[in-house]
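J.: My questions all concern the structure below.
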Amino acid sequence: MPELTFLDAISRGLWEEMEADPTVFLMGEDIGAYGGAFKVTKGFLEKFGPGRVIETTLSEEGFVGAAIGAAYTGLRPVVEFQFIDFIACAFDMIVNVAGTSRYRWGKGVPVTFRGPWGAGGRAGPFHSRSIEMWFAHSPGLKVVAPATPSDAKGLLKACIRDNDPCIFLEHKHLYRRIKEEVADGSPAIPLGRARVVRPGEDLTIVTYGMMLHRTMEAVAALEGRSIEVLDLRTIYPLDRAAVVESVKKTGKVMTVTEDTRTGSIAGEIAAVLCEEAFEHLDGPVVRVTSPDVPIPFAPTLEDAVLPSVKDIAGAADRLLRY
Amino acid sequence: MYYFLRLTRALDERAHVLQQQNKVVGGLFSNQGQEAISIGSAFALEKRDYVAPMIRNIGTVLVRGHSARDIMTQYLAKATSPTRGRDNSQHFGDVERTGVVAYISMLGTMVPVMAGMALGARLKGEDRVALTYIGDGATSTGDFYEGLCLASVQKLALVVIIENNQYAYSTPTSKQSLLENLSDKAKAFGIPGITGDGNDVLEVYRLAKRCIEDARAGGGPQILELKTFRMRGHAPHDNQAYVPKGLIEAWRKKDPIGRFEAVLGFGEAEKAEVGARVAAVVEDAVKFAEESPLPDGKEALQGVFEDDSIVPFTPWWRRDA
């Protein structure tokens with residue numbers, strides 16, 4: 001089994017879907033001969049040709065709209081944003097045209113919007129954002145955020161095969177930092193299901209993306225404590241049942257998100273637990289998040305904003321002792 | 001063509017009566033005086049082509065094969081309407097049967113979307129043309145530029161008809177652009193742009209045909225500006241007090257139906273014969289729409305995703321204690 005980086009796994013997933021389904025094609029800036037800003041599509045132009053690897057103008061709203069139109073003709077476009085922050089430029093097209101299309105007139109939009117996401121790279125306010133809740137809050141869109149190479153590959157395949165629009169978030173800080181053995185031709189992984197990364201009895205930590213890795217480091221530091229870690233993998237639809245089931249067992253829950261505090265998925269999880277598992281809670285539902293600030297540029301500033309391993313371990317320890 | 005001009009006008013007039021009777025749900029966006037653009041251009045398309053009509057392009061959807069019942073049930077938000085009450089007025093379509101794509105309220109969005117339909121057709125080896133309409137106001141949107149920017153370098157078979165009715169709600173075209181002819185915006189993309197008389201259905205047909213066939217032949221996107229005038233307000237609540245005196249009367253003399261009747265040499269007998277046919281179709285549509293039920297509230301939860309189980313709504317306060 002080949003050992004793949006997070007980036008390679010995404011690239012392989014795309015490649016296998018394009019080989020398997022001639023209706024899948026790519027659109028985005030610099031994705032052809034250059035191979036994309038992060039080289040996810042390196043070699044795709046040579047293999048699949050300019051008909052299926054379409055280099056676009058610098059116009060996010062324009063090429064997202066074109067992807068929706070191509071989907072209306074029966075194709076399955078996969079759109080790359082150079083940085084997921086730039087999806088803001090195509091917001092109208094995604095939330096108003098794509099997200100409502102099936103509901104309005106029965107026409108599904110099988111488009112996957114993907115791109116490098118998240119902070120930690122000293123990339124400043126416009127290359128580091130957590131954009132997931134902009135779309136999780138807008139009906140008709142699925143939002144997927146894998147944390148491991150095998151999940152990235154399998155979930156990307158599921159997004160491409162899905163008949164509704166999916167936003168697939170690739171944490172760029174993980175691109176070349178983590179590796180895992182992933183089989184060639186590995187299957188799609190169903191959307192909307194969280195994964196128990198490690199089982200535990202005394203506390204549930206719910207997280208996703210890069211924060212899963214920081215959470216695992218924090219849990220390792222809290223040696224001897226029985227902590228269950230849940231990787232959401234999909235932000236919308238949220239796997240409510242998995243969260244509720246875990247908390248029924250542990251009685252305590254903490255969410256860890258890189259996303260800013262107000263309106264992050266952490267708040268929705270807290271609300272779900274208040275309604276669905278109130279009598280099982282033995283402590284406050286604690287949120288470890290970034291504060292409501294743009295992601296700053298300087299290393300000292302960025303580190304002050306993002307939840308650190310120490311923050312996570314400290315919060316978990318305190319909640320365990322509650 | 002004449003039949004569709006009359007049918008479109010009659011539906012609009014009847015819809016305004018229903019609106020006065022409080023039977024129309026939401027807004028009503030008249031196309032009176034602008035019918036020639038919809039109908040002339042729809043006649044110039046081939047059956048296999050795609051088209052995204054704006055809210056005032058009722059004539060286009062009728063020519064493409066949607067019925068008067070579709071129009072009336074949409075206005076009345078009935079369960080029998082094409083969107084089953086999900087969206088209003090001319091926000092519906094059927095890609096497979098009529099090639100019509102549902103427009104949305106954010107104007108300009110359909111330029112990139114229709115560029116994508118032309119792209120999709122090309123990737124599949126089909127020689128379909130995609131056509132959409134855009135108002136004078138919406139040529140100020142980023143979508144107009146972004147869509148044509150992509151379509152031009154990709155040489156997509158896209159035709160954009162600028163339906164210049166001189167007002168975007170209350171804003172005159174002079175406050176949108178310094179250009180005399182909005183088709184001059186074509187120069188920004190290095191594509192052809194022409195301007196014609198939008199109240200002459202035969203000229204519309206001729207110019208649209210030329211643009212459509214040039215696009216189909218590989219000439220890339222085409223801009224066709226057709227000048228007309230919005231004879232009523234943006235919607236019934238708008239009395240158009242901002243329109244200078246005399247302008248509406250001047251344009252009434254250029255009414256596309258009267259001009260086409262003159263070309264056809266129609267006398268009262270011919271007009272009455274078509275009028276009677278049109279009246280029967282309109283009355284059938286109104287009767288059908290009025291007798292149709294409103295959609296069941298439970299249906300509001302269905303169809304957001306292919307898998308309806310994704311949107312459960314059984315809140316705590318609705319459950320058995």
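Going by the structure tokens order, chains are called A, B, ..., each with residues numbered from 1, while ligands are numbered from 1 in the order shown.
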Counting only C-alpha atoms, collect the residues of chain B whose closest atom lies at most 6 Å from chain A, and write them out as a PDB file with C-alpha atoms, in the first residue's frame.

T.:
ATOM      1  CA  THR B  83     -41.751  24.752  -8.982  1.00  0.00           C
ATOM      2  CA  ARG B  86     -41.009  26.900  -4.314  1.00  0.00           C
ATOM      3  CA  ASP B  87     -40.158  29.999  -6.307  1.00  0.00           C
ATOM      4  CA  PRO B 112     -21.639  32.668 -16.043  1.00  0.00           C
ATOM      5  CA  VAL B 113     -24.143  29.827 -15.636  1.00  0.00           C
ATOM      6  CA  MET B 114     -25.069  29.867 -19.309  1.00  0.00           C
ATOM      7  CA  ALA B 115     -21.394  30.118 -20.249  1.00  0.00           C
ATOM      8  CA  GLY B 116     -21.067  26.870 -18.297  1.00  0.00           C
ATOM      9  CA  MET B 117     -23.915  25.282 -20.212  1.00  0.00           C
ATOM     10  CA  GLY B 120     -20.767  21.542 -20.918  1.00  0.00           C
ATOM     11  CA  GLU B 146     -16.765  37.546 -15.166  1.00  0.00           C
ATOM     12  CA  GLY B 147     -19.045  35.356 -17.252  1.00  0.00           C
ATOM     13  CA  LEU B 150     -14.389  33.352 -19.228  1.00  0.00           C
ATOM     14  CA  GLY B 303     -36.087  18.390  -1.855  1.00  0.00           C
ATOM     15  CA  VAL B 304     -33.271  20.418  -0.344  1.00  0.00           C
TER      16      VAL B 304
END

J.: Mind checking DSSP for stretch 92-190 of chain B and telling me the helix (DSSP H, G or I) residues as a PyMOL selection string?

T.: chain B and resi 110-123+137-140+142-153+173-175+182-188

J.: Kindly export the residues of the current selection with N, CA and C atoms, as a CSV table (one decimal), in the first residue's frame.

T.:
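What follows is the written file selection_24.csv:
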chain,number,residue,atom,x,y,z
B,110,MET,N,-26.9,34.6,-14.4
B,110,MET,CA,-27.1,33.6,-15.5
B,110,MET,C,-26.0,33.7,-16.6
B,111,VAL,N,-25.3,34.8,-16.6
B,111,VAL,CA,-24.3,34.9,-17.7
B,111,VAL,C,-23.2,33.9,-17.5
B,112,PRO,N,-22.6,33.8,-16.3
B,112,PRO,CA,-21.6,32.7,-16.0
B,112,PRO,C,-22.3,31.3,-16.1
B,113,VAL,N,-23.5,31.2,-15.6
B,113,VAL,CA,-24.1,29.8,-15.6
B,113,VAL,C,-24.4,29.4,-17.1
B,114,MET,N,-24.8,30.3,-17.9
B,114,MET,CA,-25.1,29.9,-19.3
B,114,MET,C,-23.8,29.7,-20.1
B,115,ALA,N,-22.7,30.4,-19.7
B,115,ALA,CA,-21.4,30.1,-20.2
B,115,ALA,C,-21.0,28.7,-19.9
B,116,GLY,N,-21.4,28.3,-18.7
B,116,GLY,CA,-21.1,26.9,-18.3
B,116,GLY,C,-21.9,25.9,-19.1
B,117,MET,N,-23.1,26.2,-19.4
B,117,MET,CA,-23.9,25.3,-20.2
B,117,MET,C,-23.3,25.1,-21.6
B,118,ALA,N,-22.8,26.2,-22.1
B,118,ALA,CA,-22.2,26.2,-23.5
B,118,ALA,C,-20.9,25.3,-23.3
B,119,LEU,N,-20.2,25.5,-22.2
B,119,LEU,CA,-19.0,24.7,-22.0
B,119,LEU,C,-19.3,23.2,-21.9
B,120,GLY,N,-20.4,22.9,-21.1
B,120,GLY,CA,-20.8,21.5,-20.9
B,120,GLY,C,-21.1,20.9,-22.3
B,121,ALA,N,-21.9,21.6,-23.1
B,121,ALA,CA,-22.2,21.1,-24.4
B,121,ALA,C,-21.0,20.8,-25.2
B,122,ARG,N,-20.0,21.8,-25.2
B,122,ARG,CA,-18.8,21.6,-26.0
B,122,ARG,C,-18.0,20.4,-25.5
B,123,LEU,N,-17.9,20.2,-24.1
B,123,LEU,CA,-17.2,19.1,-23.6
B,123,LEU,C,-17.8,17.7,-24.0
B,137,GLY,N,-29.5,47.4,-16.4
B,137,GLY,CA,-28.9,47.6,-15.1
B,137,GLY,C,-27.9,46.5,-14.7
B,138,ALA,N,-28.2,45.3,-15.1
B,138,ALA,CA,-27.3,44.1,-14.7
B,138,ALA,C,-26.1,44.1,-15.5
B,139,THR,N,-25.9,44.9,-16.6
B,139,THR,CA,-24.6,44.9,-17.2
B,139,THR,C,-23.6,45.7,-16.4
B,140,SER,N,-24.1,46.2,-15.2
B,140,SER,CA,-23.1,46.8,-14.3
B,140,SER,C,-22.6,45.7,-13.3
B,142,GLY,N,-20.7,42.4,-11.6
B,142,GLY,CA,-19.5,41.6,-11.8
B,142,GLY,C,-19.8,40.3,-12.6
B,143,ASP,N,-20.9,39.7,-12.4
B,143,ASP,CA,-21.2,38.5,-13.1
B,143,ASP,C,-21.2,38.7,-14.6
B,144,PHE,N,-21.7,39.8,-15.0
B,144,PHE,CA,-21.7,40.0,-16.5
B,144,PHE,C,-20.3,40.0,-17.0
B,145,TYR,N,-19.4,40.7,-16.3
B,145,TYR,CA,-18.0,40.7,-16.8
B,145,TYR,C,-17.3,39.4,-16.6
B,146,GLU,N,-17.5,38.8,-15.4
B,146,GLU,CA,-16.8,37.5,-15.2
B,146,GLU,C,-17.2,36.4,-16.1
B,147,GLY,N,-18.5,36.4,-16.4
B,147,GLY,CA,-19.0,35.4,-17.3
B,147,GLY,C,-18.5,35.5,-18.7
B,148,LEU,N,-18.6,36.8,-19.2
B,148,LEU,CA,-18.1,37.0,-20.5
B,148,LEU,C,-16.6,36.9,-20.7
B,149,CYS,N,-15.9,37.2,-19.6
B,149,CYS,CA,-14.5,37.1,-19.6
B,149,CYS,C,-14.1,35.7,-19.9
B,150,LEU,N,-14.7,34.8,-19.1
B,150,LEU,CA,-14.4,33.4,-19.2
B,150,LEU,C,-14.9,32.8,-20.6
B,151,ALA,N,-16.1,33.2,-20.9
B,151,ALA,CA,-16.7,32.7,-22.2
B,151,ALA,C,-15.9,33.2,-23.4
B,152,SER,N,-15.4,34.4,-23.4
B,152,SER,CA,-14.6,34.9,-24.5
B,152,SER,C,-13.3,34.2,-24.7
B,153,VAL,N,-12.5,34.0,-23.7
B,153,VAL,CA,-11.2,33.3,-23.9
B,153,VAL,C,-11.5,31.8,-24.2
B,173,THR,N,-30.7,54.2,-17.5
B,173,THR,CA,-29.5,53.6,-18.0
B,173,THR,C,-28.3,54.6,-18.0
B,174,SER,N,-28.7,55.9,-18.1
B,174,SER,CA,-27.6,56.9,-18.0
B,174,SER,C,-26.9,56.9,-16.7
B,175,LYS,N,-27.5,56.4,-15.6
B,175,LYS,CA,-26.8,56.3,-14.3
B,175,LYS,C,-26.2,54.9,-14.1
B,182,LEU,N,-25.0,49.9,-25.0
B,182,LEU,CA,-24.4,49.0,-24.1
B,182,LEU,C,-23.6,47.8,-24.8
B,183,SER,N,-24.0,47.6,-26.0
B,183,SER,CA,-23.3,46.6,-26.8
B,183,SER,C,-21.8,46.9,-27.0
B,184,ASP,N,-21.4,48.2,-26.8
B,184,ASP,CA,-20.0,48.6,-26.9
B,184,ASP,C,-19.2,47.9,-25.8
B,185,LYS,N,-19.9,47.4,-24.7
B,185,LYS,CA,-19.1,46.7,-23.7
B,185,LYS,C,-18.4,45.4,-24.3
B,186,ALA,N,-18.9,45.0,-25.4
B,186,ALA,CA,-18.3,43.8,-26.1
B,186,ALA,C,-16.8,44.0,-26.4
B,187,LYS,N,-16.4,45.3,-26.6
B,187,LYS,CA,-15.0,45.6,-26.9
B,187,LYS,C,-14.1,45.2,-25.7
B,188,ALA,N,-14.6,45.2,-24.5
B,188,ALA,CA,-13.8,44.8,-23.4
B,188,ALA,C,-13.4,43.4,-23.4

J.: Which residues are near A:Ala145? Cut-off 7 Å, only C-alpha atoms, ignore same chain within fewer than 6 positions. Put them as a PDB file with C-alpha atoms, in the first residue's frame.

T.:
ATOM      1  CA  PHE A 168     -14.409  20.095   0.360  1.00  0.00           C
ATOM      2  CA  LEU A 169     -11.894  21.721   2.690  1.00  0.00           C
ATOM      3  CA  GLU A 170      -8.254  20.686   2.536  1.00  0.00           C
ATOM      4  CA  TYR A 208     -12.058  18.273  12.902  1.00  0.00           C
ATOM      5  CA  GLY A 209      -9.318  19.345  10.496  1.00  0.00           C
ATOM      6  CA  ARG A 233     -15.177  14.837   9.110  1.00  0.00           C
ATOM      7  CA  THR A 234     -18.374  16.415   7.749  1.00  0.00           C
ATOM      8  CA  ILE A 235     -19.561  19.755   9.134  1.00  0.00           C
TER       9      ILE A 235
END

J.: Please extract the residues of stretch 209-258 of chain B with a backbone DSSP assignment of strand (DSSP E) and present them as a PyMOL selection string.

T.: chain B and resi 222-227

J.: When you look at B:Pro82 with a cut-off of 8 Å (counting only C-alpha atoms), what residues show up, excluding the ones that are within fewer than 4 positions of it in the same chain? I need them as a ChimeraX atom specification.

T.: /A:105 /B:70,73-74,92-93
